[in-house]
$ cat data_24.pdb   # PDB, C-alpha atoms and all ligand atoms
ATOM      1  CA  MET K   1    -246.192 -97.144  58.902  1.00  0.00           C
ATOM      2  CA  PRO K   2    -247.605 -96.756  55.375  1.00  0.00           C
ATOM      3  CA  ASP K   3    -245.984 -94.556  52.732  1.00  0.00           C
ATOM      4  CA  LEU K   4    -249.447 -93.830  51.361  1.00  0.00           C
ATOM      5  CA  SER K   5    -252.912 -94.229  52.851  1.00  0.00           C
ATOM      6  CA  VAL K   6    -256.171 -93.929  50.909  1.00  0.00           C
ATOM      7  CA  SER K   7    -259.308 -93.249  52.953  1.00  0.00           C
ATOM      8  CA  ASP K   8    -262.463 -93.858  50.935  1.00  0.00           C
ATOM      9  CA  PRO K   9    -265.706 -93.535  52.949  1.00  0.00           C
ATOM     10  CA  GLU K  10    -267.709 -95.352  50.284  1.00  0.00           C
ATOM     11  CA  LEU K  11    -265.884 -98.578  51.091  1.00  0.00           C
ATOM     12  CA  LEU K  12    -267.383 -98.445  54.597  1.00  0.00           C
ATOM     13  CA  THR K  13    -270.922 -98.584  53.216  1.00  0.00           C
ATOM     14  CA  THR K  14    -270.430-102.231  52.170  1.00  0.00           C
ATOM     15  CA  VAL K  15    -268.505-103.405  55.241  1.00  0.00           C
ATOM     16  CA  PRO K  16    -270.527-105.648  57.607  1.00  0.00           C
ATOM     17  CA  ALA K  17    -271.802-103.591  60.568  1.00  0.00           C
ATOM     18  CA  GLU K  18    -270.024-105.930  63.007  1.00  0.00           C
ATOM     19  CA  VAL K  19    -266.660-105.127  61.401  1.00  0.00           C
ATOM     20  CA  THR K  20    -267.429-101.389  61.414  1.00  0.00           C
ATOM     21  CA  ALA K  21    -268.201-101.628  65.138  1.00  0.00           C
ATOM     22  CA  GLN K  22    -264.996-103.512  65.899  1.00  0.00           C
ATOM     23  CA  VAL K  23    -262.795-101.182  63.851  1.00  0.00           C
ATOM     24  CA  GLY K  24    -264.555 -98.137  65.291  1.00  0.00           C
ATOM     25  CA  MET K  25    -263.798 -99.286  68.831  1.00  0.00           C
ATOM     26  CA  ASP K  26    -260.185 -99.763  67.726  1.00  0.00           C
ATOM     27  CA  VAL K  27    -260.120 -96.169  66.457  1.00  0.00           C
ATOM     28  CA  LEU K  28    -261.492 -95.032  69.826  1.00  0.00           C
ATOM     29  CA  THR K  29    -258.730 -96.991  71.560  1.00  0.00           C
ATOM     30  CA  HIS K  30    -256.103 -95.360  69.327  1.00  0.00           C
ATOM     31  CA  CYS K  31    -257.369 -91.913  70.418  1.00  0.00           C
ATOM     32  CA  VAL K  32    -257.336 -92.697  74.139  1.00  0.00           C
ATOM     33  CA  GLU K  33    -253.972 -94.456  74.138  1.00  0.00           C
ATOM     34  CA  ALA K  34    -252.235 -91.881  71.924  1.00  0.00           C
ATOM     35  CA  TYR K  35    -253.555 -89.022  74.076  1.00  0.00           C
ATOM     36  CA  VAL K  36    -252.115 -90.356  77.345  1.00  0.00           C
ATOM     37  CA  SER K  37    -249.021 -92.010  75.782  1.00  0.00           C
ATOM     38  CA  LEU K  38    -245.614 -91.104  77.193  1.00  0.00           C
ATOM     39  CA  ALA K  39    -244.693 -90.071  73.622  1.00  0.00           C
ATOM     40  CA  HIS K  40    -247.663 -87.761  73.010  1.00  0.00           C
ATOM     41  CA  GLY K  41    -247.258 -84.158  71.906  1.00  0.00           C
ATOM     42  CA  ARG K  42    -249.392 -81.195  70.911  1.00  0.00           C
ATOM     43  CA  MET K  43    -249.842 -82.324  67.311  1.00  0.00           C
ATOM     44  CA  THR K  44    -250.921 -85.839  68.276  1.00  0.00           C
ATOM     45  CA  ASP K  45    -253.095 -84.480  71.107  1.00  0.00           C
ATOM     46  CA  SER K  46    -255.197 -82.352  68.756  1.00  0.00           C
ATOM     47  CA  LEU K  47    -255.595 -85.244  66.306  1.00  0.00           C
ATOM     48  CA  ALA K  48    -256.661 -87.597  69.093  1.00  0.00           C
ATOM     49  CA  LEU K  49    -259.201 -85.159  70.553  1.00  0.00           C
ATOM     50  CA  GLU K  50    -260.748 -84.409  67.173  1.00  0.00           C
ATOM     51  CA  SER K  51    -260.877 -88.080  66.336  1.00  0.00           C
ATOM     52  CA  ILE K  52    -262.540 -89.236  69.556  1.00  0.00           C
ATOM     53  CA  SER K  53    -265.199 -86.566  69.108  1.00  0.00           C
ATOM     54  CA  GLY K  54    -265.888 -87.888  65.600  1.00  0.00           C
ATOM     55  CA  VAL K  55    -266.093 -91.485  66.781  1.00  0.00           C
ATOM     56  CA  TRP K  56    -268.439 -90.557  69.574  1.00  0.00           C
ATOM     57  CA  THR K  57    -270.846 -88.771  67.273  1.00  0.00           C
ATOM     58  CA  HIS K  58    -270.752 -91.097  64.278  1.00  0.00           C
ATOM     59  CA  LEU K  59    -269.777 -94.698  65.106  1.00  0.00           C
ATOM     60  CA  GLU K  60    -273.162 -95.796  66.429  1.00  0.00           C
ATOM     61  CA  ARG K  61    -274.877 -93.962  63.580  1.00  0.00           C
ATOM     62  CA  LEU K  62    -272.781 -95.804  60.972  1.00  0.00           C
ATOM     63  CA  VAL K  63    -273.296 -99.193  62.661  1.00  0.00           C
ATOM     64  CA  ASP K  64    -277.060 -98.555  62.671  1.00  0.00           C
ATOM     65  CA  ASP K  65    -277.072 -97.403  59.038  1.00  0.00           C
ATOM     66  CA  PRO K  66    -274.052 -98.451  56.921  1.00  0.00           C
ATOM     67  CA  LEU K  67    -275.429 -96.354  54.031  1.00  0.00           C
ATOM     68  CA  ASP K  68    -275.192 -93.107  56.052  1.00  0.00           C
ATOM     69  CA  LYS K  69    -272.558 -91.351  53.944  1.00  0.00           C
ATOM     70  CA  ILE K  70    -271.969 -88.505  56.377  1.00  0.00           C
ATOM     71  CA  ALA K  71    -271.271 -90.961  59.184  1.00  0.00           C
ATOM     72  CA  ALA K  72    -269.000 -92.974  56.868  1.00  0.00           C
ATOM     73  CA  GLU K  73    -267.015 -89.867  55.918  1.00  0.00           C
ATOM     74  CA  GLU K  74    -266.693 -88.754  59.538  1.00  0.00           C
ATOM     75  CA  MET K  75    -265.555 -92.226  60.660  1.00  0.00           C
ATOM     76  CA  SER K  76    -263.020 -92.342  57.811  1.00  0.00           C
ATOM     77  CA  LEU K  77    -261.604 -89.009  58.946  1.00  0.00           C
ATOM     78  CA  ALA K  78    -261.642 -90.104  62.585  1.00  0.00           C
ATOM     79  CA  SER K  79    -259.763 -93.277  61.696  1.00  0.00           C
ATOM     80  CA  LEU K  80    -257.187 -91.327  59.673  1.00  0.00           C
ATOM     81  CA  ARG K  81    -256.669 -88.735  62.415  1.00  0.00           C
ATOM     82  CA  ALA K  82    -256.329 -91.408  65.094  1.00  0.00           C
ATOM     83  CA  GLY K  83    -253.874 -93.262  62.866  1.00  0.00           C
ATOM     84  CA  MET K  84    -251.767 -90.117  62.468  1.00  0.00           C
ATOM     85  CA  ALA K  85    -251.896 -89.615  66.241  1.00  0.00           C
ATOM     86  CA  PHE K  86    -250.876 -93.112  67.248  1.00  0.00           C
ATOM     87  CA  THR K  87    -248.225 -93.725  64.600  1.00  0.00           C
ATOM     88  CA  ASN K  88    -246.424 -90.741  66.149  1.00  0.00           C
ATOM     89  CA  ALA K  89    -247.397 -91.020  69.840  1.00  0.00           C
ATOM     90  CA  ILE K  90    -247.551 -94.846  69.860  1.00  0.00           C
ATOM     91  CA  LEU K  91    -250.050 -96.670  72.091  1.00  0.00           C
ATOM     92  CA  GLY K  92    -250.277 -98.293  75.531  1.00  0.00           C
ATOM     93  CA  ALA K  93    -251.329-101.205  77.697  1.00  0.00           C
ATOM     94  CA  THR K  94    -254.638-101.867  75.930  1.00  0.00           C
ATOM     95  CA  HIS K  95    -252.850-102.653  72.689  1.00  0.00           C
ATOM     96  CA  ALA K  96    -249.977-104.424  74.456  1.00  0.00           C
ATOM     97  CA  MET K  97    -252.529-106.700  76.149  1.00  0.00           C
ATOM     98  CA  SER K  98    -254.710-107.028  73.053  1.00  0.00           C
ATOM     99  CA  HIS K  99    -252.001-108.211  70.667  1.00  0.00           C
ATOM    100  CA  PRO K 100    -251.283-111.544  72.437  1.00  0.00           C
ATOM    101  CA  VAL K 101    -255.020-112.225  72.842  1.00  0.00           C
ATOM    102  CA  GLY K 102    -255.506-111.682  69.111  1.00  0.00           C
ATOM    103  CA  GLY K 103    -252.670-114.050  68.318  1.00  0.00           C
ATOM    104  CA  HIS K 104    -253.617-116.674  70.879  1.00  0.00           C
ATOM    105  CA  CYS K 105    -257.390-116.719  70.309  1.00  0.00           C
ATOM    106  CA  ASP K 106    -257.641-115.429  66.730  1.00  0.00           C
ATOM    107  CA  ALA K 107    -260.211-112.915  67.988  1.00  0.00           C
ATOM    108  CA  PRO K 108    -260.984-109.521  66.350  1.00  0.00           C
ATOM    109  CA  HIS K 109    -258.539-106.807  67.444  1.00  0.00           C
ATOM    110  CA  GLY K 110    -261.183-104.104  67.941  1.00  0.00           C
ATOM    111  CA  ALA K 111    -263.459-106.336  70.012  1.00  0.00           C
ATOM    112  CA  ILE K 112    -260.582-107.239  72.343  1.00  0.00           C
ATOM    113  CA  ASN K 113    -259.678-103.562  72.716  1.00  0.00           C
ATOM    114  CA  ALA K 114    -263.302-102.664  73.443  1.00  0.00           C
ATOM    115  CA  VAL K 115    -263.291-105.096  76.377  1.00  0.00           C
ATOM    116  CA  LEU K 116    -259.871-104.116  77.720  1.00  0.00           C
ATOM    117  CA  LEU K 117    -259.940-100.326  77.300  1.00  0.00           C
ATOM    118  CA  PRO K 118    -262.262 -99.454  80.236  1.00  0.00           C
ATOM    119  CA  HIS K 119    -260.121-101.574  82.567  1.00  0.00           C
ATOM    120  CA  VAL K 120    -256.893 -99.946  81.332  1.00  0.00           C
ATOM    121  CA  ILE K 121    -258.377 -96.438  81.689  1.00  0.00           C
ATOM    122  CA  ARG K 122    -259.072 -97.147  85.378  1.00  0.00           C
ATOM    123  CA  TYR K 123    -255.602 -98.689  85.810  1.00  0.00           C
ATOM    124  CA  ASN K 124    -253.828 -95.753  84.154  1.00  0.00           C
ATOM    125  CA  ALA K 125    -255.989 -93.139  85.887  1.00  0.00           C
ATOM    126  CA  GLU K 126    -253.700 -93.429  88.901  1.00  0.00           C
ATOM    127  CA  VAL K 127    -251.021 -91.562  86.919  1.00  0.00           C
ATOM    128  CA  CYS K 128    -252.756 -89.650  84.086  1.00  0.00           C
ATOM    129  CA  ALA K 129    -256.314 -88.879  85.179  1.00  0.00           C
ATOM    130  CA  ASP K 130    -256.055 -85.319  83.817  1.00  0.00           C
ATOM    131  CA  GLY K 131    -255.636 -86.698  80.292  1.00  0.00           C
ATOM    132  CA  PHE K 132    -258.824 -88.673  80.702  1.00  0.00           C
ATOM    133  CA  VAL K 133    -260.615 -85.494  81.820  1.00  0.00           C
ATOM    134  CA  ASP K 134    -259.675 -83.878  78.481  1.00  0.00           C
ATOM    135  CA  LEU K 135    -260.925 -86.920  76.561  1.00  0.00           C
ATOM    136  CA  ALA K 136    -264.161 -87.000  78.573  1.00  0.00           C
ATOM    137  CA  GLY K 137    -264.715 -83.312  77.800  1.00  0.00           C
ATOM    138  CA  ALA K 138    -264.102 -83.936  74.091  1.00  0.00           C
ATOM    139  CA  ILE K 139    -267.005 -86.382  73.944  1.00  0.00           C
ATOM    140  CA  GLY K 140    -269.346 -84.216  75.989  1.00  0.00           C
ATOM    141  CA  LEU K 141    -269.217 -86.049  79.309  1.00  0.00           C
ATOM    142  CA  SER K 142    -269.481 -84.062  82.514  1.00  0.00           C
ATOM    143  CA  THR K 143    -266.057 -83.161  83.906  1.00  0.00           C
ATOM    144  CA  ASP K 144    -267.461 -82.321  87.335  1.00  0.00           C
ATOM    145  CA  GLY K 145    -265.748 -83.929  90.310  1.00  0.00           C
ATOM    146  CA  ASN K 146    -262.141 -84.947  90.769  1.00  0.00           C
ATOM    147  CA  ALA K 147    -260.097 -86.305  87.879  1.00  0.00           C
ATOM    148  CA  ARG K 148    -260.257 -89.936  89.048  1.00  0.00           C
ATOM    149  CA  MET K 149    -264.061 -89.727  89.111  1.00  0.00           C
ATOM    150  CA  VAL K 150    -264.088 -88.318  85.578  1.00  0.00           C
ATOM    151  CA  ALA K 151    -261.736 -91.090  84.405  1.00  0.00           C
ATOM    152  CA  ASP K 152    -264.185 -93.621  85.859  1.00  0.00           C
ATOM    153  CA  ARG K 153    -267.000 -91.865  84.002  1.00  0.00           C
ATOM    154  CA  LEU K 154    -265.013 -92.118  80.759  1.00  0.00           C
ATOM    155  CA  ALA K 155    -264.359 -95.839  81.355  1.00  0.00           C
ATOM    156  CA  ASP K 156    -268.083 -96.426  81.944  1.00  0.00           C
ATOM    157  CA  ALA K 157    -268.980 -94.448  78.814  1.00  0.00           C
ATOM    158  CA  VAL K 158    -266.530 -96.451  76.678  1.00  0.00           C
ATOM    159  CA  ALA K 159    -267.990 -99.704  78.003  1.00  0.00           C
ATOM    160  CA  GLY K 160    -271.490 -98.368  77.285  1.00  0.00           C
ATOM    161  CA  LEU K 161    -270.656 -97.483  73.679  1.00  0.00           C
ATOM    162  CA  GLY K 162    -269.079-100.923  73.225  1.00  0.00           C
ATOM    163  CA  ALA K 163    -272.250-102.596  74.479  1.00  0.00           C
ATOM    164  CA  ARG K 164    -274.453-100.470  72.215  1.00  0.00           C
ATOM    165  CA  VAL K 165    -272.490-101.425  69.095  1.00  0.00           C
ATOM    166  CA  GLY K 166    -272.487-105.118  69.988  1.00  0.00           C
ATOM    167  CA  MET K 167    -269.079-105.686  71.562  1.00  0.00           C
ATOM    168  CA  PRO K 168    -268.725-108.522  74.118  1.00  0.00           C
ATOM    169  CA  GLU K 169    -268.647-107.568  77.802  1.00  0.00           C
ATOM    170  CA  SER K 170    -265.666-109.783  78.622  1.00  0.00           C
ATOM    171  CA  LEU K 171    -262.762-111.731  77.125  1.00  0.00           C
ATOM    172  CA  GLU K 172    -264.400-115.093  77.803  1.00  0.00           C
ATOM    173  CA  PRO K 173    -266.618-115.093  74.656  1.00  0.00           C
ATOM    174  CA  LEU K 174    -263.494-114.213  72.663  1.00  0.00           C
ATOM    175  CA  GLY K 175    -261.854-117.457  73.766  1.00  0.00           C
ATOM    176  CA  VAL K 176    -259.668-116.427  76.720  1.00  0.00           C
ATOM    177  CA  ARG K 177    -259.501-118.867  79.664  1.00  0.00           C
ATOM    178  CA  VAL K 178    -258.051-118.485  83.161  1.00  0.00           C
ATOM    179  CA  GLY K 179    -255.254-120.885  82.230  1.00  0.00           C
ATOM    180  CA  ASP K 180    -254.092-118.473  79.508  1.00  0.00           C
ATOM    181  CA  LEU K 181    -253.487-115.473  81.758  1.00  0.00           C
ATOM    182  CA  ASP K 182    -249.850-116.094  82.750  1.00  0.00           C
ATOM    183  CA  ARG K 183    -248.761-116.575  79.148  1.00  0.00           C
ATOM    184  CA  LEU K 184    -250.778-113.568  77.952  1.00  0.00           C
ATOM    185  CA  THR K 185    -249.245-111.434  80.707  1.00  0.00           C
ATOM    186  CA  THR K 186    -245.709-112.421  79.697  1.00  0.00           C
ATOM    187  CA  HIS K 187    -246.347-111.467  76.084  1.00  0.00           C
ATOM    188  CA  ALA K 188    -248.153-108.224  77.000  1.00  0.00           C
ATOM    189  CA  LEU K 189    -245.214-107.060  79.108  1.00  0.00           C
ATOM    190  CA  ALA K 190    -242.855-107.723  76.176  1.00  0.00           C
ATOM    191  CA  ASP K 191    -245.039-105.891  73.614  1.00  0.00           C
ATOM    192  CA  SER K 192    -243.501-102.662  72.306  1.00  0.00           C
ATOM    193  CA  CYS K 193    -246.748-100.728  72.966  1.00  0.00           C
ATOM    194  CA  MET K 194    -246.182-101.208  76.701  1.00  0.00           C
ATOM    195  CA  THR K 195    -243.138 -98.926  76.587  1.00  0.00           C
ATOM    196  CA  THR K 196    -245.292 -95.820  76.052  1.00  0.00           C
ATOM    197  CA  ASN K 197    -248.013 -96.748  78.558  1.00  0.00           C
ATOM    198  CA  PRO K 198    -248.181 -93.921  81.117  1.00  0.00           C
ATOM    199  CA  ARG K 199    -248.155 -96.277  84.132  1.00  0.00           C
ATOM    200  CA  ARG K 200    -245.162 -98.582  84.574  1.00  0.00           C
ATOM    201  CA  PRO K 201    -246.695-102.047  84.445  1.00  0.00           C
ATOM    202  CA  GLN K 202    -245.984-104.847  86.894  1.00  0.00           C
ATOM    203  CA  ALA K 203    -246.780-108.446  85.973  1.00  0.00           C
ATOM    204  CA  ALA K 204    -249.268-108.797  88.839  1.00  0.00           C
ATOM    205  CA  GLY K 205    -251.128-105.659  87.785  1.00  0.00           C
ATOM    206  CA  ILE K 206    -251.417-106.734  84.146  1.00  0.00           C
ATOM    207  CA  ARG K 207    -252.560-110.219  85.139  1.00  0.00           C
ATOM    208  CA  ASP K 208    -255.166-108.628  87.419  1.00  0.00           C
ATOM    209  CA  LEU K 209    -256.418-106.533  84.490  1.00  0.00           C
ATOM    210  CA  TYR K 210    -256.829-109.644  82.329  1.00  0.00           C
ATOM    211  CA  ALA K 211    -258.610-111.404  85.201  1.00  0.00           C
ATOM    212  CA  ALA K 212    -260.942-108.431  85.723  1.00  0.00           C
ATOM    213  CA  ALA K 213    -261.765-108.413  81.996  1.00  0.00           C
ATOM    214  CA  LEU K 214    -262.468-112.162  81.979  1.00  0.00           C
TER     215      LEU K 214
HETATM  216 FE    FE F 301    -255.477-100.915  67.154  1.00  0.00          FE
END
$ encode --input "data_24.pdb" --output "structure tokens" --more "lines below"
Ligand SMILES: [Fe+2]
Amino acid sequence: MPDLSVSDPELLTTVPAEVTAQVGMDVLTHCVEAYVSLAHGRMTDSLALESISGVWTHLERLVDDPLDKIAAEEMSLASLRAGMAFTNAILGATHAMSHPVGGHCDAPHGAINAVLLPHVIRYNAEVCADGFVDLAGAIGLSTDGNARMVADRLADAVAGLGARVGMPESLEPLGVRVGDLDRLTTHALADSCMTTNPRRPQAAGIRDLYAAAL
């Protein structure tokens, strides 16, 4: 955790749009994982909800126009809020699974998260669907229907945003192969972010998630 963090929106106006998209999807992942983390609390909840709302309204806008200073300021704030949420609430299975892929394939962290997050939302919805209802409401999705249906809707919406900002649909273009899955699963289960995932992971379940994302 940093002793000091400087958030300067102007820096974002000269970042390549692809990097903004990847980092923005990482910020979104920080919000979702912090909100349903086993270590979440009321302070981190409010930061995560405010942040995901900001990402939803401004990420696409900033990717489309890197010189949009309002979008840059809002994404800077969203990133800061999500950072304050997850450095206190910690994260979950998306990050635990993403870290070994990043190390093994040297692929961008945010792009890996963008692929994995919808799968992990559906996986975790078995135990924390109500949290996903809150997140869906914060980005203006319908919360009609039962909580599992709303969690599915959130997963679809996250995948849709990823596609619109140019994220890959699967892990394959990022360099992951079927032969990697056992090793990735071993490392994901040992990652410290897995300890705060709301659903207790089993090796078979995590391997299935990687396979579904392939
Ligand atoms: Fe991250």
$ residues_near_ligand --input "data_24.pdb" --ligand "ligand FE 301 (chain F)" --cutoff "9 Å" --atoms "all atoms listed in the file" --output "PyMOL selection string"
chain K and resi 23+25-30+83+91+94-95+98-99+109-110+113
$ write_last_selection --input "data_24.pdb" --atoms "C-alpha atoms" --output "PDB file, keeping the file's coordinate frame"
ATOM      1  CA  VAL K  23    -262.795-101.182  63.851  1.00  0.00           C
ATOM      2  CA  MET K  25    -263.798 -99.286  68.831  1.00  0.00           C
ATOM      3  CA  ASP K  26    -260.185 -99.763  67.726  1.00  0.00           C
ATOM      4  CA  VAL K  27    -260.120 -96.169  66.457  1.00  0.00           C
ATOM      5  CA  LEU K  28    -261.492 -95.032  69.826  1.00  0.00           C
ATOM      6  CA  THR K  29    -258.730 -96.991  71.560  1.00  0.00           C
ATOM      7  CA  HIS K  30    -256.103 -95.360  69.327  1.00  0.00           C
ATOM      8  CA  GLY K  83    -253.874 -93.262  62.866  1.00  0.00           C
ATOM      9  CA  LEU K  91    -250.050 -96.670  72.091  1.00  0.00           C
ATOM     10  CA  THR K  94    -254.638-101.867  75.930  1.00  0.00           C
ATOM     11  CA  HIS K  95    -252.850-102.653  72.689  1.00  0.00           C
ATOM     12  CA  SER K  98    -254.710-107.028  73.053  1.00  0.00           C
ATOM     13  CA  HIS K  99    -252.001-108.211  70.667  1.00  0.00           C
ATOM     14  CA  HIS K 109    -258.539-106.807  67.444  1.00  0.00           C
ATOM     15  CA  GLY K 110    -261.183-104.104  67.941  1.00  0.00           C
ATOM     16  CA  ASN K 113    -259.678-103.562  72.716  1.00  0.00           C
TER      17      ASN K 113
END
$ residues_around --input "data_24.pdb" --residues "range 66-82 of chain K" --least-positions-apart "2" --cutoff "8 Å" --atoms "only C-alpha atoms" --output "PyMOL selection string"
chain K and resi 7-10+12-15+17+24+27-28+30-31+34+47-48+50-52+54-55+58-59+61-64+84-86
$ closest_residue --input "data_24.pdb" --among "K:Asp65, K:Asp134, K:Asp106, K:Glu126" --to "Tyr35 in chain K" --atoms "all atoms listed in the file"
K:Asp134
$ closest_residue --input "data_24.pdb" --among "K:Ala211, K:Leu154, K:Met167, K:Val6" --to "Ser142 in chain K" --atoms "all atoms listed in the file"
K:Leu154
$ closest_residue --input "data_24.pdb" --among "K:His187, K:Tyr210, K:Ser37, K:Val19" --to "Gly103 in chain K" --atoms "all atoms listed in the file"
K:His187
$ closest_residue --input "data_24.pdb" --among "K:Ala125, K:Val101, K:Leu181, K:Met1" --to "Met149 in chain K" --atoms "all atoms listed in the file"
K:Ala125
$ resolve_selection --input "data_24.pdb" --expression "the PyMOL selection byres (((chain K and resi 93) around 12) and not hetatm)" --output "VMD selection string"
chain K and resid 29 to 30 32 to 34 36 to 38 90 to 92 94 to 100 113 116 to 124 185 187 to 203 205 to 207 209 to 210
$ atom_distance --input "data_24.pdb" --atom1 "CA of Ala111 in chain K" --atom2 "CA of Glu172 in chain K"
11.8 Å
$ closest_residue --input "data_24.pdb" --among "K:Leu214, K:Ala39, K:Leu161, K:Ala89" --to "Arg177 in chain K" --atoms "only C-alpha atoms"
K:Leu214
$ resolve_selection --input "data_24.pdb" --expression "the PyMOL selection byres (((chain K and resi 139) around 9) and not hetatm)" --output "PyMOL selection string"
chain K and resi 49+52-57+134-138+140-141
$ atom_distance --input "data_24.pdb" --atom1 "CA of His104 in chain K" --atom2 "CA of Asp208 in chain K"
18.5 Å
$ atom_distance --input "data_24.pdb" --atom1 "CA of Ala107 in chain K" --atom2 "CA of Leu174 in chain K"
5.9 Å
$ decode --input "data_24.pdb" --residues "range 74-81 of chain K" --atoms "all heavy atoms" --output "PDB file, in the first residue's frame"
ATOM      1  N   GLU K  74     -13.269  12.041 -13.607  1.00  0.00           N
ATOM      2  CA  GLU K  74     -14.160  11.063 -12.969  1.00  0.00           C
ATOM      3  C   GLU K  74     -13.503   9.683 -12.887  1.00  0.00           C
ATOM      4  O   GLU K  74     -13.670   8.964 -11.896  1.00  0.00           O
ATOM      5  CB  GLU K  74     -15.495  10.986 -13.727  1.00  0.00           C
ATOM      6  CG  GLU K  74     -16.342  12.240 -13.587  1.00  0.00           C
ATOM      7  CD  GLU K  74     -16.744  12.536 -12.141  1.00  0.00           C
ATOM      8  OE1 GLU K  74     -16.992  11.582 -11.383  1.00  0.00           O
ATOM      9  OE2 GLU K  74     -16.777  13.726 -11.778  1.00  0.00           O
ATOM     10  N   MET K  75     -12.749   9.294 -13.929  1.00  0.00           N
ATOM     11  CA  MET K  75     -12.068   7.996 -13.879  1.00  0.00           C
ATOM     12  C   MET K  75     -10.929   8.015 -12.864  1.00  0.00           C
ATOM     13  O   MET K  75     -10.655   7.004 -12.205  1.00  0.00           O
ATOM     14  CB  MET K  75     -11.554   7.600 -15.266  1.00  0.00           C
ATOM     15  CG  MET K  75     -12.631   7.016 -16.186  1.00  0.00           C
ATOM     16  SD  MET K  75     -13.546   5.613 -15.472  1.00  0.00           S
ATOM     17  CE  MET K  75     -12.219   4.425 -15.199  1.00  0.00           C
ATOM     18  N   SER K  76     -10.251   9.158 -12.721  1.00  0.00           N
ATOM     19  CA  SER K  76      -9.211   9.267 -11.692  1.00  0.00           C
ATOM     20  C   SER K  76      -9.808   9.066 -10.302  1.00  0.00           C
ATOM     21  O   SER K  76      -9.266   8.339  -9.468  1.00  0.00           O
ATOM     22  CB  SER K  76      -8.539  10.637 -11.736  1.00  0.00           C
ATOM     23  OG  SER K  76      -7.734  10.753 -12.859  1.00  0.00           O
ATOM     24  N   LEU K  77     -10.945   9.738 -10.065  1.00  0.00           N
ATOM     25  CA  LEU K  77     -11.607   9.597  -8.768  1.00  0.00           C
ATOM     26  C   LEU K  77     -12.098   8.179  -8.548  1.00  0.00           C
ATOM     27  O   LEU K  77     -11.979   7.622  -7.451  1.00  0.00           O
ATOM     28  CB  LEU K  77     -12.801  10.564  -8.701  1.00  0.00           C
ATOM     29  CG  LEU K  77     -12.495  11.965  -8.194  1.00  0.00           C
ATOM     30  CD1 LEU K  77     -13.725  12.860  -8.380  1.00  0.00           C
ATOM     31  CD2 LEU K  77     -12.093  11.928  -6.724  1.00  0.00           C
ATOM     32  N   ALA K  78     -12.655   7.578  -9.618  1.00  0.00           N
ATOM     33  CA  ALA K  78     -13.152   6.204  -9.505  1.00  0.00           C
ATOM     34  C   ALA K  78     -12.008   5.253  -9.163  1.00  0.00           C
ATOM     35  O   ALA K  78     -12.141   4.358  -8.316  1.00  0.00           O
ATOM     36  CB  ALA K  78     -13.832   5.778 -10.810  1.00  0.00           C
ATOM     37  N   SER K  79     -10.867   5.459  -9.813  1.00  0.00           N
ATOM     38  CA  SER K  79      -9.715   4.601  -9.559  1.00  0.00           C
ATOM     39  C   SER K  79      -9.232   4.759  -8.121  1.00  0.00           C
ATOM     40  O   SER K  79      -8.913   3.773  -7.435  1.00  0.00           O
ATOM     41  CB  SER K  79      -8.597   4.961 -10.541  1.00  0.00           C
ATOM     42  OG  SER K  79      -7.449   4.197 -10.270  1.00  0.00           O
ATOM     43  N   LEU K  80      -9.199   6.007  -7.645  1.00  0.00           N
ATOM     44  CA  LEU K  80      -8.750   6.276  -6.273  1.00  0.00           C
ATOM     45  C   LEU K  80      -9.709   5.651  -5.260  1.00  0.00           C
ATOM     46  O   LEU K  80      -9.294   4.988  -4.303  1.00  0.00           O
ATOM     47  CB  LEU K  80      -8.649   7.788  -6.053  1.00  0.00           C
ATOM     48  CG  LEU K  80      -8.224   8.253  -4.664  1.00  0.00           C
ATOM     49  CD1 LEU K  80      -6.827   7.747  -4.317  1.00  0.00           C
ATOM     50  CD2 LEU K  80      -8.258   9.779  -4.585  1.00  0.00           C
ATOM     51  N   ARG K  81     -11.009   5.847  -5.490  1.00  0.00           N
ATOM     52  CA  ARG K  81     -12.004   5.286  -4.558  1.00  0.00           C
ATOM     53  C   ARG K  81     -11.920   3.760  -4.532  1.00  0.00           C
ATOM     54  O   ARG K  81     -11.979   3.138  -3.466  1.00  0.00           O
ATOM     55  CB  ARG K  81     -13.416   5.717  -4.973  1.00  0.00           C
ATOM     56  CG  ARG K  81     -13.724   7.165  -4.667  1.00  0.00           C
ATOM     57  CD  ARG K  81     -15.173   7.485  -5.040  1.00  0.00           C
ATOM     58  NE  ARG K  81     -15.514   8.843  -4.653  1.00  0.00           N
ATOM     59  CZ  ARG K  81     -15.923   9.787  -5.495  1.00  0.00           C
ATOM     60  NH1 ARG K  81     -16.063   9.519  -6.782  1.00  0.00           N
ATOM     61  NH2 ARG K  81     -16.217  10.994  -5.068  1.00  0.00           N
TER      62      ARG K  81
END
